[in-house]
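Engineer: One structure coming up, written as structure tokens, with questions to follow.
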Amino acid sequence: MVTRSIRFNSLVLSLFALVTALLLASTHLGTRDTIAAAERAAAQKTLLELFPAEQHDNDLLDDTLPVPPAYLKTLGLGRPAVIHVVRKGGEISGFVIPATAPDGYSGNIHMIVGIDAGGAIVGVRVTGHAETPGLGDKIELRIDPWILSFNGLSLGNPPRERWGVKKDQGMFDQFTGATITPRGVVRKVRDVLEFFREHRNELIEAAGDGAQQP
Amino acid sequence: MSETSYRDITRNGLWSNNPALVQILGLCPLLAVSGSVVNALGLGLATMLVLAGSNIAVSLIRRQASEAVRIPVFVMIIATFTTCTELLMKAYTYELYQILGIFIPLIVTNCVILGRAEAFASKQPVGVAALDGLMMGTGFCLVLVTLGAIRELLGSGTLFANMQLLFGPAAAGWKLELFNGPGLLLAILPPGAFILMGFLIALKNIIDDAAARRRAPDPEPQEKASRRVRTTGVIN
């Protein structure tokens with residue numbers, strides 16, 4: 001009796017699992033292309049915010065270098081990613097480097113850092129996060145101009161020990177009720193700058209090769 | 001409530017058994033994303049869609065799912081509808097999807113939905129269950145939007161800002177600027193949401209009391225005691 005009811009219930013349960021899985025799969029297939037297009041449009045919009053159209057003459061979204069696998073961890077990236085190259089008149093004028101701060105208040109904070117060829121920050125934008133609405137989400141430009149406080153800074157400016165939130169004797173504001181979020185972002189931006197200082201020449205060399213390809 | 005009239009169901013969902021104001025369910029998303037009208041409306045509509053969908057599905061399979069596997073099946077159905085809604089929002093309202101973030105997948109855990117599935121939809125024919133899901137969802141959405149409007153107004157001094165995230169570029173002009181400069185920060189923060197929610201519930205009770213007094217000039221004291229029970233207890 002018991003085995004029969006177990007067998008019957010398992011069957012019912014698996015049937016429902018199958019039906020719901022099919023439903024999910026079809027929704028996924030139906031929306032996949034639209035989602036990809038929406039993500040692409042959003043990514044392009046953010047890139048153009050960092051380097052407006054008049055500052056470059058290449059397609060930022062497609063002119064990319066893969067992040068060398070050895071450096072994925074430095075940048076906090078869990079999977080292969082690309083660095084966008086900014087060119088104007090044949091010269092490399094900057095890079096947009098992706099990074100992920102693993103220590104947000106609720107998980108990863110994904111961002112991109114625009115750096116000019118000299119190593120100064122052009123701009124930082126958060127591209128994805130799950131921080132608390134109303135508190136930690138002030139890292140988004142849409143909500144708060146805080147993220148603009150990185151503009152123009154570089155490794156020596158301010159000195160390394162000031163690359164933190166005010167609570168850690170740094171120079172960046174934290175938010176009311178949210179210190180962890182900006183702390184994670186500031187640290188990761190500093191990591192990106194250090195990464196760029198160490199690998200600037202390799203990047204420029206690799207990007208130069210890329211330019212010769214049609 | 002074995003006899004279910006459409007009028008009762010509508011009235012229950014929108015007012016007398018409102019999931020937010022009376023059952024006090026789903027407070028976490030309610031308080032978390034009600035910082036502006038567009039966020040509130042986005043999550044409200046998503047919740048409504050999931051609630052109506054899961055009510056219909058649960059009602060359809062109410063004879064097939066045996067007692068032992070009922071709850072897992074309900075959870076599976078709700079999770080499916082939530083994920084589908086999430087994918088759809090990601091596809092068509094990408095920016096809003098990013099703003100609402102974790103609270104869209106968290107619709108799964110909104111007790112209103114499992115509550116309605118278990119207490120109502122699993123015992124009722126499809127049409128009735130669908131209407132109930134729709135009305136409970138609308139009731140939840142209305143409270144969410146009201147709270148969003150009040151918080152946006154007090155906290156940011158605007159109304160209907162960023163509506164283009166939900167309705168496309170044409171809605172960018174809907175924004176009303178009521179005052180400039182910093183608003184009341186408390187209204188934007190979670191404690192403000194709690195306090196305003198309390199006022200909304202109080203307001204509803206005042207209206208109910210006034211209506212009851214008009215019907216019966218001297219209300220019995222017992223009625224007062226039962227109201228507390230109703231706020232946390234009876235779901236259907």
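Following the order of the structure tokens, first chain is A, next is B, and so on, with residues numbered from 1 inside each chain and ligands from 1 in the order they appear.
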Provide as a list in words the residues of chain A at most 6 Å from chain B, counting only C-alpha atoms.
Structural biologist: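 Taking only C-alpha atoms into account, Thr31, Thr34, Ile35 and Ala130 of chain A sit within 6 Å of chain B.
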Engineer: Selection from above, C-alpha atoms, as a PDB file, in the first residue's frame, can you write it?
Structural biologist:
ATOM      1  CA  THR A  31      12.439  35.548 -24.655  1.00  0.00           C
ATOM      2  CA  THR A  34      14.791  39.808 -26.772  1.00  0.00           C
ATOM      3  CA  ILE A  35      16.701  39.560 -23.499  1.00  0.00           C
ATOM      4  CA  ALA A 130      21.166  43.174  -5.895  1.00  0.00           C
TER       5      ALA A 130
END
Engineer: Contacts of Lys188 in chain A at 8 Å or less, counting only C-alpha atoms, minus same-chain residues fewer than 3 places along, as number ranges by chain?
Structural biologist: A: 75, 99-101, 184-185, 191-192
Engineer: Just asking: which residues within range 13-202 of chain A are alpha helix (DSSP H) according to DSSP, as a ChimeraX atom specification?
Structural biologist: /A:13-50,180-202
Engineer: Can I get the selected residues back with C-alpha atoms, as a PDB file, in the first residue's frame?
Structural biologist:
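Wrote it out as part32.pdb, contents follow:
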ATOM      1  CA  LEU A  13       5.228  15.013  -8.869  1.00  0.00           C
ATOM      2  CA  SER A  14       7.542  14.165 -11.774  1.00  0.00           C
ATOM      3  CA  LEU A  15       4.750  14.866 -14.224  1.00  0.00           C
ATOM      4  CA  PHE A  16       4.252  18.301 -12.788  1.00  0.00           C
ATOM      5  CA  ALA A  17       7.995  18.888 -12.748  1.00  0.00           C
ATOM      6  CA  LEU A  18       8.101  17.945 -16.417  1.00  0.00           C
ATOM      7  CA  VAL A  19       5.230  20.249 -17.351  1.00  0.00           C
ATOM      8  CA  THR A  20       6.663  23.212 -15.437  1.00  0.00           C
ATOM      9  CA  ALA A  21      10.124  22.567 -16.889  1.00  0.00           C
ATOM     10  CA  LEU A  22       8.647  22.585 -20.385  1.00  0.00           C
ATOM     11  CA  LEU A  23       6.831  25.822 -19.648  1.00  0.00           C
ATOM     12  CA  LEU A  24      10.025  27.404 -18.367  1.00  0.00           C
ATOM     13  CA  ALA A  25      12.040  26.163 -21.310  1.00  0.00           C
ATOM     14  CA  SER A  26       9.579  27.558 -23.816  1.00  0.00           C
ATOM     15  CA  THR A  27       9.465  30.940 -22.072  1.00  0.00           C
ATOM     16  CA  HIS A  28      13.238  30.943 -21.995  1.00  0.00           C
ATOM     17  CA  LEU A  29      13.472  30.158 -25.689  1.00  0.00           C
ATOM     18  CA  GLY A  30      10.782  32.681 -26.522  1.00  0.00           C
ATOM     19  CA  THR A  31      12.439  35.548 -24.655  1.00  0.00           C
ATOM     20  CA  ARG A  32      16.105  34.653 -25.144  1.00  0.00           C
ATOM     21  CA  ASP A  33      16.726  36.869 -28.163  1.00  0.00           C
ATOM     22  CA  THR A  34      14.791  39.808 -26.772  1.00  0.00           C
ATOM     23  CA  ILE A  35      16.701  39.560 -23.499  1.00  0.00           C
ATOM     24  CA  ALA A  36      20.020  39.413 -25.326  1.00  0.00           C
ATOM     25  CA  ALA A  37      19.030  42.476 -27.359  1.00  0.00           C
ATOM     26  CA  ALA A  38      17.913  44.334 -24.240  1.00  0.00           C
ATOM     27  CA  GLU A  39      21.158  43.471 -22.448  1.00  0.00           C
ATOM     28  CA  ARG A  40      23.177  44.572 -25.472  1.00  0.00           C
ATOM     29  CA  ALA A  41      21.319  47.869 -25.700  1.00  0.00           C
ATOM     30  CA  ALA A  42      21.813  48.465 -21.989  1.00  0.00           C
ATOM     31  CA  ALA A  43      25.523  47.587 -22.206  1.00  0.00           C
ATOM     32  CA  GLN A  44      26.027  49.922 -25.156  1.00  0.00           C
ATOM     33  CA  LYS A  45      24.209  52.730 -23.410  1.00  0.00           C
ATOM     34  CA  THR A  46      26.515  52.473 -20.399  1.00  0.00           C
ATOM     35  CA  LEU A  47      29.649  52.330 -22.557  1.00  0.00           C
ATOM     36  CA  LEU A  48      28.517  55.458 -24.375  1.00  0.00           C
ATOM     37  CA  GLU A  49      28.005  57.197 -21.048  1.00  0.00           C
ATOM     38  CA  LEU A  50      31.688  56.654 -20.240  1.00  0.00           C
ATOM     39  CA  ILE A 180      29.331  47.729   2.909  1.00  0.00           C
ATOM     40  CA  THR A 181      28.112  48.457  -0.598  1.00  0.00           C
ATOM     41  CA  PRO A 182      30.293  51.515  -1.365  1.00  0.00           C
ATOM     42  CA  ARG A 183      33.229  49.915   0.443  1.00  0.00           C
ATOM     43  CA  GLY A 184      33.078  46.958  -1.934  1.00  0.00           C
ATOM     44  CA  VAL A 185      32.833  49.224  -4.963  1.00  0.00           C
ATOM     45  CA  VAL A 186      35.718  51.482  -3.917  1.00  0.00           C
ATOM     46  CA  ARG A 187      37.993  48.523  -3.229  1.00  0.00           C
ATOM     47  CA  LYS A 188      37.254  46.934  -6.548  1.00  0.00           C
ATOM     48  CA  VAL A 189      37.814  50.152  -8.490  1.00  0.00           C
ATOM     49  CA  ARG A 190      41.203  50.406  -6.817  1.00  0.00           C
ATOM     50  CA  ASP A 191      41.930  46.793  -7.808  1.00  0.00           C
ATOM     51  CA  VAL A 192      41.090  47.622 -11.399  1.00  0.00           C
ATOM     52  CA  LEU A 193      43.466  50.576 -11.376  1.00  0.00           C
ATOM     53  CA  GLU A 194      46.234  48.405  -9.972  1.00  0.00           C
ATOM     54  CA  PHE A 195      45.500  45.772 -12.580  1.00  0.00           C
ATOM     55  CA  PHE A 196      45.705  48.419 -15.293  1.00  0.00           C
ATOM     56  CA  ARG A 197      48.983  49.840 -14.004  1.00  0.00           C
ATOM     57  CA  GLU A 198      50.583  46.409 -14.068  1.00  0.00           C
ATOM     58  CA  HIS A 199      49.226  45.273 -17.414  1.00  0.00           C
ATOM     59  CA  ARG A 200      48.798  48.509 -19.345  1.00  0.00           C
ATOM     60  CA  ASN A 201      51.490  47.741 -21.898  1.00  0.00           C
ATOM     61  CA  GLU A 202      50.237  44.208 -22.537  1.00  0.00           C
TER      62      GLU A 202
END
Engineer: Using only C-alpha atoms, which protein or nucleic acid residues come within 10 Å of Ala20 in chain B? Drop anything in the same chain fewer than 4 positions from it, and give the result as number ranges by chain.
Structural biologist: B: 13-15, 24-27, 30, 112, 136-137, 139-144, 197, 200-201, 231
Engineer: Please produce a file of the residues just selected, as a short mmCIF file (atom, residue, chain, number, x, y, z; two decimals), in the first residue's frame, where the atoms kept are C-alpha atoms.
Structural biologist:
data_model
loop_
_atom_site.label_atom_id
_atom_site.label_comp_id
_atom_site.auth_asym_id
_atom_site.auth_seq_id
_atom_site.Cartn_x
_atom_site.Cartn_y
_atom_site.Cartn_z
CA GLY B 13 -9.70 41.21 -2.61
CA LEU B 14 -9.94 44.95 -2.95
CA TRP B 15 -11.09 45.93 0.51
CA ILE B 24 -0.74 41.91 6.28
CA LEU B 25 0.92 39.45 3.91
CA GLY B 26 3.79 40.04 1.54
CA LEU B 27 5.11 42.95 3.57
CA LEU B 30 5.61 45.76 -0.25
CA VAL B 112 -0.27 35.88 -0.41
CA MET B 136 -6.28 39.85 -4.52
CA GLY B 137 -3.52 40.89 -6.91
CA GLY B 139 -5.79 44.84 -4.01
CA PHE B 140 -2.11 44.19 -3.32
CA CYS B 141 -1.05 46.30 -6.30
CA LEU B 142 -3.30 49.21 -5.28
CA VAL B 143 -1.83 49.35 -1.79
CA LEU B 144 1.67 49.09 -3.25
CA MET B 197 1.86 51.46 6.02
CA LEU B 200 -2.81 53.30 5.67
CA ILE B 201 -4.06 50.42 7.81
CA THR B 231 -5.95 40.78 10.68
#
